[in-house]
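Colleague: Please find one structure pasted underneath; my questions will follow.
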Amino acid sequence: MNNYFSIEDIDSLPDWVSEAIEMKKTPMSNKTLGVDKTIGLLFFNPSLRTRLSTQKAALNLGMNVIVMNFTGEGWSLEYGDGTVMDQGSSEHVKEAAQVVSQYCDVLAIRAFAKLENREDDYSEKVLKSFIQYASIPVINMESATGHPLQALTDAITITEHKKIDKPKVVLSWAPHPKALPQAVANSFVEMMQRMDANFVITHPVGFELASQITKEVPIDYNQENALKDADFVYVKNWSAYEDYGKTLTDDPSWKISQEKMNLTNDAKFMHCLPVRRNVVVDDDVIDSENSIVIEQANNRTYAAQLVLKKILQNN
Amino acid sequence: MNNYFSIEDIDSLPDWVSEAIEMKKTPMSNKTLGVDKTIGLLFFNPSLRTRLSTQKAALNLGMNVIVMNFTGEGWSLEYGDGTVMDQGSSEHVKEAAQVVSQYCDVLAIRAFAKLENREDDYSEKVLKSFIQYASIPVINMESATGHPLQALTDAITITEHKKIDKPKVVLSWAPHPKALPQAVANSFVEMMQRMDANFVITHPVGFELASQITKEVPIDYNQENALKDADFVYVKNWSAYEDYGKTLTDDPSWKISQEKMNLTNDAKFMHCLPVRRNVVVDDDVIDSENSIVIEQANNRTYAAQLVLKKILQNN
Amino acid sequence: MNNYFSIEDIDSLPDWVSEAIEMKKTPMSNKTLGVDKTIGLLFFNPSLRTRLSTQKAALNLGMNVIVMNFTGEGWSLEYGDGTVMDQGSSEHVKEAAQVVSQYCDVLAIRAFAKLENREDDYSEKVLKSFIQYASIPVINMESATGHPLQALTDAITITEHKKIDKPKVVLSWAPHPKALPQAVANSFVEMMQRMDANFVITHPVGFELASQITKEVPIDYNQENALKDADFVYVKNWSAYEDYGKTLTDDPSWKISQEKMNLTNDAKFMHCLPVRRNVVVDDDVIDSENSIVIEQANNRTYAAQLVLKKILQNN
C-alpha cells in the first residue's frame, strides 16, 4: 500500500480488522518498525482525536512526529494549474508537496470540505494534489469527502461489539446548528457496504448522500421505522449533497432519544465525536451502557497504527 | 498521587523539596522511567516557561510529549451538565477528557481565570471537569485560582537560598496595566503557610485575596513597613477578589525600587515571570545580584519533573 | 562556533560544504551526537521548509525538539532598554532569552523584517537580543536582514551542480505583489562573495541592496544582458533598501521566462521557495529539468544538520 486515501486502499478488510484487534492487545509490539522514520501531520482544520491518536499511533511504532498547522504556521497554498499567483496564495502545492516529501517518510493530511462548491469539494483537490506531487505515502486524516481512518475505526468497533454475524446497522442523520461535511457519513456508508451488515440509512428528505456512494443501500425517511431491531445506531449530521452544503432543517425530532433507542435490539450507540449533546443525542443515551463512543474513539489509535504499519512494511 | 491539582497533593513538602534539589544535580538519572509513556499538554492560554519546562521535564524522564493548543487547534468545549449544545461549543468535556485519556498516560492543563465571574472561576470548572472525567492523572499548569507547579518551584528556590531556618518572606502586590488572575498569589500564600517562614502579605486596601486562602496570614497595607527585614521579596500583581477581577488602581508607588529593597535584610527578589519591567519592578532591582528570578524559572523544570516522577512511580 | 547568526560564522566554507555533502550520503551517521540535548525552535513568523528541515536535522542527530510559535503561544516581547512596560509587551527579551536557555541546549529563531523602519530592521534587535541574553548557542532561521541557513544551502547546491570551477551566477530580482524582506538576497550576495563564482546582480533601478553587503559586486540593470552565459540563475524578489520596504514596481517584464533562460549557458534555475508561479517565474521554467528548486529545498536539512553538528561538537 502506498497511500491511505479511501477505504478502497484496504485490500482485505477482515484481515485488517483482525490485525488491528490483535495490535490493540500489544500496541508496543512493533515499536522499532518506525525508528528513524518521520511522519509529518499537516492540519488545515481543527482536530482533537485525529491529532492525538495519529501521533500516539506513530509513537507506538517508534516514529518521529512533526506536526504542522498549515493555516497560520505555513503559507497559503495554490492548487490551480497555470495560475498567475498574484493574489493570496504564496506557494503552490507542487512545491509544498515535493518539498515536504524530502523531510518526512509519511505524510498525513486533514483538509475539510469548504461546502461552498460541490464540484470543488468532490474533486478532493487538496488530498489528490498532495498525493500527485508527494513522493512519499499520504494518509487521509479527513478530506473534503471522506474520513477513512474513522471508517476503519468503525469497522473495528462494530466487529468487537457485534453479537451476530450480520448485525443490523443504522446510520441516522441528526440535527445540528451548523453545516457539516459529508465525509464521515460517506466513508461509513462505503465501509458498511464492505462489511457483512444489514445496513440502512435514515434521514429527512433532501439529505440524500451522493448516489455514487450510497448505491443500492436502502434509505428510509422514517427514522423510527429504520431504528427497529437495529444492533448498531450510528448517528451523524451532514449537510445536503443535492442543495449542496445547506442545512435545510435542524428539526429536533430527529435527535436520538432513549425512547428511540428502545425501538432497537438493545443497540449500541456510536458517534465519531465531537458530538453536541442534547442536540444530536440526549444525555441519557450517550451516557448509557450501550454507548460505545469512547471505545470507538480509542480505536482511532489502532486504525491509524495499522495503516502506518502497513505503509512502513511496504516502503 | 493521582493528580497534581493543588499543593494539597504534596504529601510531605520537605521530602519533595529535598528530592527536587537532588534531581536538579542529576536530571537524567530517571531517563527510562517514562519510556513508552506519553504526556499530553493542553493549553487554553499562552505559556512560555510552563510550556517549555514541562516538556523538558517530561523529556528528562524519557516520556513522549504531545502538545495541543486547545484554542484554535481543537474544538471549543462545553462544561455544563445537561446543556443543549446548540450554541458555540462543539464538544463536551465529558467526551474530550475521556477520549484524551485513551491517547495519553498523563495530562497537563493550563486554563486561566476569565475574571468575569468569581464563582465561575473559583469553581475551577475546567480543571475539575477534566479531573472528574479523565481516567489518567491530571497536572495543573495554572488553573483559574492556583498555580501549584509555580508554588513548588518557589518552595525549592526559597529552600536553596535561605540563610536561616525561618526566613521572613513578603508577598507584595505590584501595579500592572491589565487585570491579572490571583492564581500565582493564591498558591504562593498556601505554600508559605506550609513552609517554615515568617510570612507577610502587603497590598493596597481592596486587594485582599480570598480569606479561605489567606486564613491567619498577617496583611500589612503599608508596603515599606512590610518589607522591613525581609529575606525574600516575592512580587506579583493580582486583580481584586472582593470587587472581582477589577484593577482598582495601578498606583506606581507600589512598584519595587532599590530604595525599597534597601529596607530589607539584603532580601532576594523573586517573581514568577513574565514581569513588566519598570512597572512592577525597576530595572536595577531585577538586574541586581539579589534577583533570583532566572534561577527560579530554572527550577520550574525540576518541580515539574518531580511531580511527573511521583505520578509515574505511582501509576 | 557558538552562534550561527550570519555566514561570517562559517570558518572554512569549502570544508563546510564538503562535510554537508558527505553528511547527505549518510544522514544518520551522527544519530547519537545530540542524545539528551534539546533544541528550541522559536517562530515569530510562518515557516514551512525551515520549520520542517530544522526539525528533521535535529532528529537526525538524535536531539529532542521543542517548537514554539511565539506569536500566539507566548507573550509579546519588549526589546528596549529601560522601557516602562505599561503597554502591549508582557515580557522583556532579557528574561525570555535567559529563561529559555535553561530549558534548551540550542535555540533557533525566525524573526522577519517588519519593513517599516530600516534602522530598526538592520539593527537585528530580535536575534541580537537573544544572542546577547541567551546562555546557549543561537541559530538564525531567517532574521530581519539575513538567512544564513538558506545561503549555506545555496552554496551546497551550487557546488553539487556546477560544471566548471568558477561558474557564472546571476541573482535576479523578480516581481511580486507584496513587499518582501531583503534577507535571502543579502545572505546570498554575501555567500557568492565567498565562493569562487563570477557573480552578477540584476534588478530594476531603485532596488539596490545595501552597499555594505553588495560591496564590489557588479550590478547590471539590464536583466537580459546579465543572464547571458549564466550557469546559475537565482531568482528572488525583495523590496527596496533605499526607499525602504517599498515595492516601487511589480513590472512583469522582470519575470523569468524560458525565453530568458535560453540566453544562459543552460543555466540551473534556483529559488529559495515559496515562489509565486507565473509572477516570479513561468511554469515551464520551474517545471523544467534545469530547475533545481526541490533539490535546493532538500539541502536545507543538511545545511541545518551541519550547523547543529558543529554546535554540538563545540559545546
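Chain lettering (A, B, ...) mirrors the order of the C-alpha cells, residue numbering begins at 1 for each chain separately, and ligand numbering begins at 1 in order of display.
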Could you list, as a list in words, every residue within 7 Å of range 300-310 of chain C, counting only C-alpha atoms and ignoring same-chain residues fewer than 2 positions away?

Modeller: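 Residues meeting the cut-off are Met1, Ala20, Met23, Lys24, Ser53, Thr54, Lys56, Ala57, Ala58, Leu149, Gln150, Leu152, Thr153, Gln296, Ala297, Asn298, Leu312, Gln313 and Asn314 of chain C.
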
Colleague: Suppose we keep C-alpha atoms; can you now write the selection as a short mmCIF file (atom, residue, chain, number, x, y, z; two decimals), in the first residue's frame?

Modeller:
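Generated output (part00.cif):
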data_model
loop_
_atom_site.label_atom_id
_atom_site.label_comp_id
_atom_site.auth_asym_id
_atom_site.auth_seq_id
_atom_site.Cartn_x
_atom_site.Cartn_y
_atom_site.Cartn_z
CA MET C 1 31.31 28.00 16.90
CA ALA C 20 27.49 18.72 4.31
CA MET C 23 26.57 14.06 5.59
CA LYS C 24 23.83 13.93 2.96
CA SER C 53 14.02 20.78 7.74
CA THR C 54 15.45 22.07 11.01
CA LYS C 56 14.45 16.82 10.63
CA ALA C 57 18.11 17.83 11.01
CA ALA C 58 17.81 17.78 14.80
CA LEU C 149 20.89 28.65 6.60
CA GLN C 150 19.48 29.32 3.13
CA LEU C 152 24.69 27.67 3.20
CA THR C 153 22.09 25.52 1.42
CA GLN C 296 17.79 23.01 -3.15
CA ALA C 297 15.00 22.71 -0.55
CA ASN C 298 16.20 19.21 0.28
CA LEU C 312 27.03 20.14 19.37
CA GLN C 313 30.68 19.23 18.81
CA ASN C 314 31.74 22.59 20.16
#

Colleague: Counting only C-alpha atoms, which residues of chain C come no farther than 8 Å from chain B, as a ChimeraX atom specification?

Modeller: /C:36,64,66,72-75,82-87,89-92,95,98-100,102-104

Colleague: Keeping N, CA and C atoms for every residue in the selection just given, could you write it to a file as a compact mmCIF listing (two decimals), in the first residue's frame?

Modeller:
# COMPACT_ATOMS: atom_id res chain seq x y z
N ASP C 36 19.87 13.40 24.46
CA ASP C 36 19.65 14.16 25.70
C ASP C 36 19.87 15.67 25.55
N ASN C 64 16.18 16.11 20.96
CA ASN C 64 14.78 16.42 21.22
C ASN C 64 14.47 17.78 20.61
N ILE C 66 11.70 21.05 20.64
CA ILE C 66 10.55 21.77 21.17
C ILE C 66 10.28 22.94 20.23
N GLY C 72 1.22 34.21 19.64
CA GLY C 72 0.05 33.39 19.88
C GLY C 72 0.25 32.44 21.04
N GLU C 73 1.35 31.70 21.05
CA GLU C 73 1.56 30.73 22.12
C GLU C 73 2.25 31.34 23.34
N GLY C 74 3.00 32.44 23.13
CA GLY C 74 3.75 33.02 24.23
C GLY C 74 3.33 34.45 24.53
N TRP C 75 4.22 35.23 25.06
CA TRP C 75 3.95 36.60 25.44
C TRP C 75 4.63 37.53 24.46
N GLY C 82 15.39 49.89 29.40
CA GLY C 82 14.83 50.90 30.28
C GLY C 82 13.37 51.24 30.04
N THR C 83 12.74 50.52 29.14
CA THR C 83 11.33 50.79 28.83
C THR C 83 10.43 50.61 30.06
N VAL C 84 9.52 51.55 30.25
CA VAL C 84 8.45 51.36 31.23
C VAL C 84 7.38 50.52 30.54
N MET C 85 7.28 49.25 30.91
CA MET C 85 6.48 48.30 30.13
C MET C 85 5.00 48.35 30.50
N ASP C 86 4.39 49.49 30.27
CA ASP C 86 2.96 49.61 30.61
C ASP C 86 2.08 49.55 29.35
N GLN C 87 2.66 49.10 28.24
CA GLN C 87 1.88 49.00 27.00
C GLN C 87 1.66 47.52 26.64
N SER C 89 3.61 44.99 25.50
CA SER C 89 4.55 43.89 25.74
C SER C 89 4.49 43.40 27.18
N SER C 90 4.45 42.07 27.33
CA SER C 90 4.31 41.47 28.65
C SER C 90 5.63 40.99 29.23
N GLU C 91 6.62 40.75 28.38
CA GLU C 91 7.86 40.15 28.87
C GLU C 91 9.03 40.76 28.13
N HIS C 92 10.13 40.97 28.85
CA HIS C 92 11.33 41.52 28.23
C HIS C 92 12.19 40.37 27.70
N GLU C 95 14.59 38.50 30.10
CA GLU C 95 14.13 37.32 30.84
C GLU C 95 13.88 36.15 29.89
N GLN C 98 17.09 34.40 28.73
CA GLN C 98 17.79 33.70 29.81
C GLN C 98 17.01 32.46 30.26
N VAL C 99 15.70 32.61 30.33
CA VAL C 99 14.86 31.52 30.81
C VAL C 99 14.88 30.35 29.83
N VAL C 100 14.66 30.66 28.56
CA VAL C 100 14.63 29.61 27.54
C VAL C 100 15.98 28.88 27.49
N GLN C 102 17.66 27.93 29.79
CA GLN C 102 17.75 26.93 30.85
C GLN C 102 16.98 25.66 30.52
N TYR C 103 16.08 25.75 29.54
CA TYR C 103 15.27 24.58 29.18
C TYR C 103 15.79 23.89 27.92
N CYS C 104 16.66 24.58 27.18
CA CYS C 104 17.14 24.05 25.91
C CYS C 104 18.67 24.07 25.88

Colleague: Ranking A:Ser135, A:Thr157, A:Thr38, A:Asn225 by minimum distance to Thr202 in chain A and counting only C-alpha atoms, which one comes first?

Modeller: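 The answer is A:Asn225, which sits nearest to Thr202 in chain A.
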
Colleague: Compile the contact shell of Ile164 in chain B as a list of chain:residue names: residues with an atom at most 12 Å away, counting only C-alpha atoms, same-chain residues fewer than 4 positions apart removed.

Modeller: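 Once the nearby chain positions are removed, what remains is B:Ile158, B:Thr159, B:Glu160, B:Lys168, B:Val169, B:Asp196, B:Ala197, B:Asn198, B:Ala230, B:Asp231, B:Phe232, B:Asn265.
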
Colleague: If you run DSSP over the backbone, which residues in range 170-311 of chain A end up alpha helix (DSSP H)? Put them as a short mmCIF file (atom, residue, chain, number, x, y, z; two decimals) with N, CA, C and O atoms, in the first residue's frame.

Modeller:
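File produced: selection27.cif:
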data_model
loop_
_atom_site.label_atom_id
_atom_site.label_comp_id
_atom_site.auth_asym_id
_atom_site.auth_seq_id
_atom_site.Cartn_x
_atom_site.Cartn_y
_atom_site.Cartn_z
N ALA A 183 -18.17 13.89 4.92
CA ALA A 183 -17.03 12.98 4.87
C ALA A 183 -17.21 11.73 5.74
O ALA A 183 -17.01 10.60 5.28
N VAL A 184 -17.58 11.92 7.00
CA VAL A 184 -17.72 10.77 7.90
C VAL A 184 -18.83 9.85 7.41
O VAL A 184 -18.66 8.62 7.34
N ALA A 185 -19.96 10.44 7.05
CA ALA A 185 -21.08 9.63 6.57
C ALA A 185 -20.69 8.86 5.30
O ALA A 185 -20.95 7.66 5.18
N ASN A 186 -20.05 9.54 4.36
CA ASN A 186 -19.65 8.89 3.12
C ASN A 186 -18.77 7.66 3.37
O ASN A 186 -19.02 6.58 2.84
N SER A 187 -17.73 7.83 4.19
CA SER A 187 -16.81 6.71 4.40
C SER A 187 -17.48 5.58 5.19
O SER A 187 -17.20 4.41 4.97
N PHE A 188 -18.39 5.96 6.10
CA PHE A 188 -19.11 4.92 6.84
C PHE A 188 -20.01 4.13 5.91
O PHE A 188 -20.09 2.89 5.99
N VAL A 189 -20.70 4.83 5.01
CA VAL A 189 -21.58 4.14 4.05
C VAL A 189 -20.77 3.20 3.16
O VAL A 189 -21.17 2.05 2.91
N GLU A 190 -19.62 3.67 2.71
CA GLU A 190 -18.76 2.79 1.91
C GLU A 190 -18.31 1.58 2.71
O GLU A 190 -18.29 0.45 2.21
N MET A 191 -17.95 1.82 3.95
CA MET A 191 -17.46 0.72 4.79
C MET A 191 -18.56 -0.31 5.04
O MET A 191 -18.32 -1.52 4.99
N MET A 192 -19.78 0.16 5.30
CA MET A 192 -20.85 -0.79 5.62
C MET A 192 -21.19 -1.67 4.42
O MET A 192 -21.65 -2.81 4.57
N GLN A 193 -20.92 -1.17 3.21
CA GLN A 193 -21.15 -1.99 2.03
C GLN A 193 -20.08 -3.07 1.88
O GLN A 193 -20.27 -4.04 1.14
N ARG A 194 -18.97 -2.90 2.58
CA ARG A 194 -17.93 -3.94 2.53
C ARG A 194 -18.05 -4.91 3.69
O ARG A 194 -17.45 -5.98 3.66
N SER A 211 -25.27 9.58 -4.71
CA SER A 211 -25.75 8.25 -5.11
C SER A 211 -24.60 7.33 -5.53
O SER A 211 -24.70 6.12 -5.39
N GLN A 212 -23.49 7.90 -6.00
CA GLN A 212 -22.34 7.05 -6.35
C GLN A 212 -21.72 6.43 -5.10
O GLN A 212 -20.94 5.48 -5.19
N ILE A 213 -22.09 6.94 -3.93
CA ILE A 213 -21.60 6.36 -2.68
C ILE A 213 -22.65 5.44 -2.07
O ILE A 213 -22.35 4.33 -1.64
N THR A 214 -23.90 5.90 -2.02
CA THR A 214 -24.93 5.07 -1.37
C THR A 214 -25.33 3.88 -2.23
O THR A 214 -25.76 2.85 -1.71
N GLN A 223 -37.42 7.61 10.51
CA GLN A 223 -36.33 7.23 11.43
C GLN A 223 -36.76 6.10 12.37
O GLN A 223 -36.00 5.15 12.59
N GLU A 224 -37.96 6.22 12.93
CA GLU A 224 -38.41 5.21 13.90
C GLU A 224 -38.50 3.84 13.26
O GLU A 224 -38.12 2.83 13.85
N ASN A 225 -38.97 3.84 12.05
CA ASN A 225 -39.06 2.58 11.33
C ASN A 225 -37.66 1.99 11.09
O ASN A 225 -37.42 0.80 11.29
N ALA A 226 -36.74 2.85 10.69
CA ALA A 226 -35.37 2.38 10.41
C ALA A 226 -34.72 1.80 11.65
O ALA A 226 -33.96 0.83 11.59
N LEU A 227 -35.00 2.41 12.80
CA LEU A 227 -34.32 2.01 14.03
C LEU A 227 -34.77 0.64 14.56
O LEU A 227 -34.06 0.01 15.35
N GLN A 258 -33.70 8.20 24.26
CA GLN A 258 -33.76 6.83 24.79
C GLN A 258 -35.02 6.13 24.29
O GLN A 258 -35.01 4.92 24.03
N GLU A 259 -36.08 6.92 24.13
CA GLU A 259 -37.34 6.34 23.60
C GLU A 259 -37.09 5.70 22.23
O GLU A 259 -37.58 4.60 21.95
N LYS A 260 -36.29 6.40 21.42
CA LYS A 260 -35.98 5.84 20.10
C LYS A 260 -35.07 4.62 20.22
O LYS A 260 -35.23 3.64 19.48
N MET A 261 -34.13 4.69 21.13
CA MET A 261 -33.23 3.54 21.31
C MET A 261 -34.01 2.31 21.76
O MET A 261 -33.61 1.18 21.49
N ASP A 283 -28.47 13.25 26.60
CA ASP A 283 -27.50 12.83 27.62
C ASP A 283 -27.67 11.37 28.02
O ASP A 283 -26.71 10.61 28.12
N ASP A 284 -28.93 10.97 28.27
CA ASP A 284 -29.11 9.62 28.84
C ASP A 284 -28.74 8.52 27.83
O ASP A 284 -28.41 7.40 28.24
N VAL A 285 -28.76 8.83 26.55
CA VAL A 285 -28.33 7.83 25.57
C VAL A 285 -26.80 7.74 25.51
O VAL A 285 -26.22 6.67 25.61
N ILE A 286 -26.16 8.90 25.36
CA ILE A 286 -24.69 8.86 25.23
C ILE A 286 -24.02 8.44 26.54
O ILE A 286 -22.91 7.91 26.54
N VAL A 293 -19.11 5.21 22.34
CA VAL A 293 -18.37 6.29 21.65
C VAL A 293 -16.94 6.46 22.16
O VAL A 293 -16.04 6.82 21.40
N ILE A 294 -16.73 6.20 23.44
CA ILE A 294 -15.38 6.37 23.99
C ILE A 294 -14.46 5.25 23.51
O ILE A 294 -13.32 5.49 23.10
N GLU A 295 -14.98 4.05 23.52
CA GLU A 295 -14.23 2.91 22.99
C GLU A 295 -13.95 3.10 21.49
O GLU A 295 -12.86 2.78 21.01
N GLN A 296 -14.95 3.61 20.81
CA GLN A 296 -14.82 3.91 19.39
C GLN A 296 -13.66 4.89 19.17
O GLN A 296 -12.79 4.68 18.31
N ALA A 297 -13.60 5.95 19.97
CA ALA A 297 -12.51 6.93 19.85
C ALA A 297 -11.17 6.28 20.17
O ALA A 297 -10.15 6.58 19.54
N ASN A 298 -11.17 5.39 21.13
CA ASN A 298 -9.94 4.68 21.48
C ASN A 298 -9.41 3.90 20.28
O ASN A 298 -8.20 3.86 20.03
N ASN A 299 -10.31 3.32 19.52
CA ASN A 299 -9.89 2.53 18.36
C ASN A 299 -9.28 3.36 17.25
O ASN A 299 -8.64 2.80 16.34
N ARG A 300 -9.42 4.69 17.33
CA ARG A 300 -8.76 5.55 16.35
C ARG A 300 -7.25 5.29 16.34
O ARG A 300 -6.59 5.29 15.30
N THR A 301 -6.68 5.08 17.53
CA THR A 301 -5.24 4.81 17.63
C THR A 301 -4.86 3.57 16.83
O THR A 301 -3.87 3.56 16.09
N TYR A 302 -5.67 2.52 16.97
CA TYR A 302 -5.27 1.24 16.36
C TYR A 302 -5.54 1.23 14.86
O TYR A 302 -4.82 0.59 14.09
N ALA A 303 -6.58 1.96 14.42
CA ALA A 303 -6.78 2.12 12.98
C ALA A 303 -5.58 2.85 12.37
O ALA A 303 -5.01 2.40 11.37
N ALA A 304 -5.18 3.95 12.99
CA ALA A 304 -4.04 4.72 12.47
C ALA A 304 -2.76 3.89 12.54
O ALA A 304 -1.94 3.90 11.61
N GLN A 305 -2.60 3.16 13.64
CA GLN A 305 -1.37 2.38 13.81
C GLN A 305 -1.29 1.26 12.77
O GLN A 305 -0.21 0.97 12.24
N LEU A 306 -2.43 0.66 12.46
CA LEU A 306 -2.43 -0.39 11.45
C LEU A 306 -2.07 0.17 10.07
O LEU A 306 -1.25 -0.41 9.34
N VAL A 307 -2.66 1.29 9.73
CA VAL A 307 -2.37 1.92 8.43
C VAL A 307 -0.89 2.27 8.35
O VAL A 307 -0.22 1.98 7.34
N LEU A 308 -0.36 2.85 9.43
CA LEU A 308 1.07 3.20 9.44
C LEU A 308 1.95 1.97 9.34
O LEU A 308 2.97 1.97 8.63
N LYS A 309 1.56 0.92 10.04
CA LYS A 309 2.35 -0.31 9.99
C LYS A 309 2.38 -0.87 8.57
O LYS A 309 3.45 -1.26 8.07
N LYS A 310 1.23 -0.90 7.94
CA LYS A 310 1.16 -1.38 6.55
C LYS A 310 2.06 -0.54 5.64
O LYS A 310 2.77 -1.08 4.78
N ILE A 311 2.02 0.76 5.84
CA ILE A 311 2.83 1.65 4.99
C ILE A 311 4.32 1.44 5.26
O ILE A 311 5.13 1.33 4.33
#
